[in-house]
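Have a look at the structure below before the remarks.
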Amino acid sequence: MDRSTRWERLGAATGIAFVVLLLASLFVIPDKPPALDDPISEIRSFYVDNSSAFQASVYLTGLAGFFFIWFLGTLGAALARAEPERSTSLIVIPAGAVTLVLALVNAAIVDALATRVAAEADQAVIRALYDVQAFAITFTAFPIAALVGATSVVSYRTGVLPPLVTWLGLALVPAWLVSGFGVFVESGTFSPTGAVGFVVLLVWVAWILAVSASLLRRAGAPALPDRA
């Protein structure tokens with residue numbers, strides 16, 4: 001294996017590291033988040049009682065972001081090699097960048113709430129910050145849909161990813177767009193703290209794992225001919 005292939009494989013493996021750290025950042029929080037319209041006392045207790053867990057979660061989110069950036073570069077390069085004459089692959093990196101910015105805004109607000117604000121601020125401030133962090137993370141549905149859609153379209157035309165991974169990605173696009181309904185729903189299944197967004201997220205991380213594994217397997221292989 002030459003040096004170029006080793007670096008290509010390392011880049012592909014960053015998707016796996018991203019998924020592990022992202023899941024760790026989610027499951028380190030022991031309690032279910034309150035709905036946006038729950039009493040302020042519940043929101044305050046959620047952050048004050050889990051302050052240390054939130055600080056660990058935010059750090060893990062930052063680490064996940066580091067590997068996500070690297071994975072985006074690897075994925076974008078692989079798609080560009082597979083389809084150099086078309087611009088669809090150029091969507092992946094900016095879509096991923098917008099996703100990461102929104103996620104880090106969410107993490108910064110959560111860190112502020114958990115560290116001091118939830119314990120010391122008045123009700124209006126806590127409510128406002130809780131709503132902003134929830135809507136910020138919900139808005140990631142739209143750039144993620146663009147990222148997954150662009151990747152899946154290139155894969156459909158070139159076969160750079162296995163068919164099952166491609167079709168799962170195509171199915172995830174409308175799923176993420178439906179998840180985006182959370183921007184105007186305060187409670188229930190479709191809300192930012194509801195089940196729909198969480199299930200779609202878990203399917204997406206499974207898709208990221210599959211993409212990462214596929215890129216690992218293809219590392220060093222020649223470019224595929226366009227099937228369109």
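In the structure tokens, the first chain shown is A, the next is B, and so on; residue numbers restart at 1 for each chain, and ligands run from 1 in the order shown.
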Checklist entry - Looking only at the backbone, which of the residues in segment 17-221 of chain A does DSSP tag as helix (DSSP H, G or I), as JSON, numbers by chain? => result {"A": [17, 18, 19, 20, 21, 22, 23, 24, 25, 26, 27, 40, 41, 42, 43, 44, 45, 46, 47, 48, 49, 51, 52, 53, 54, 55, 56, 57, 58, 59, 60, 61, 62, 63, 64, 65, 66, 67, 68, 69, 70, 71, 72, 73, 74, 75, 76, 77, 78, 79, 80, 81, 82, 88, 89, 90, 91, 92, 93, 94, 95, 96, 97, 98, 99, 100, 101, 102, 103, 104, 105, 106, 107, 108, 109, 110, 111, 112, 113, 114, 115, 116, 117, 118, 119, 120, 123, 124, 125, 126, 127, 128, 129, 130, 131, 132, 133, 134, 135, 136, 137, 138, 141, 142, 143, 144, 145, 146, 147, 148, 149, 150, 151, 152, 153, 154, 155, 156, 157, 158, 163, 164, 165, 166, 167, 168, 169, 170, 171, 172, 173, 174, 175, 176, 177, 178, 179, 180, 181, 182, 183, 184, 195, 196, 197, 198, 199, 200, 201, 202, 203, 204, 205, 206, 207, 208, 209, 210, 211, 212, 213, 214, 215, 216, 217, 218]}
Checklist entry - Skipping near chain neighbours, those fewer than 4 positions away, what residues fall within 7 Å of Leu129 of chain A using only C-alpha atoms, listed as JSON, numbers by chain? => result {"A": [109, 125, 133]}
Please produce an output containing C-alpha atoms for each residue in the selection, written as a CSV table (one decimal), in the first residue's frame.
chain,number,residue,atom,x,y,z
A,109,ILE,CA,-25.4,27.9,23.8
A,125,VAL,CA,-33.2,34.4,29.1
A,133,GLN,CA,-30.3,26.1,20.6
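With only C-alpha atoms as the basis for measurement, A:Phe46 is the residue among A:Val148, A:Ala114, A:Phe46, A:Gly73 that approaches Lys32 of chain A most closely.
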Next on the checklist: For a test of reading the model, state the distance in Å between atom CA of Phe135 of chain A and atom CA of Phe190 of chain A, rounded to one decimal.
Outcome noted: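 Going from atom CA of Phe135 of chain A over to atom CA of Phe190 of chain A covers 12.4 Å.
Using only C-alpha atoms, the contacts of Asp31 of chain A at a cut-off of 10 Å, with sequence neighbours closer than 4 positions omitted, comprise Phe27, Phe46, Tyr47, Asp49 and Asn50 of chain A.
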Extract, using only C-alpha atoms, all DNA, RNA and protein residues at most 8 Å from Thr74 of chain A, discarding same-chain residues fewer than 6 positions from it, and format them as a short mmCIF file (atom, residue, chain, number, x, y, z; two decimals) with C-alpha atoms, in the first residue's frame.
data_model
loop_
_atom_site.label_atom_id
_atom_site.label_comp_id
_atom_site.auth_asym_id
_atom_site.auth_seq_id
_atom_site.Cartn_x
_atom_site.Cartn_y
_atom_site.Cartn_z
CA GLU A 8 -6.92 8.10 1.62
CA GLY A 11 -9.38 10.17 5.62
CA ALA A 12 -12.18 7.67 5.02
#
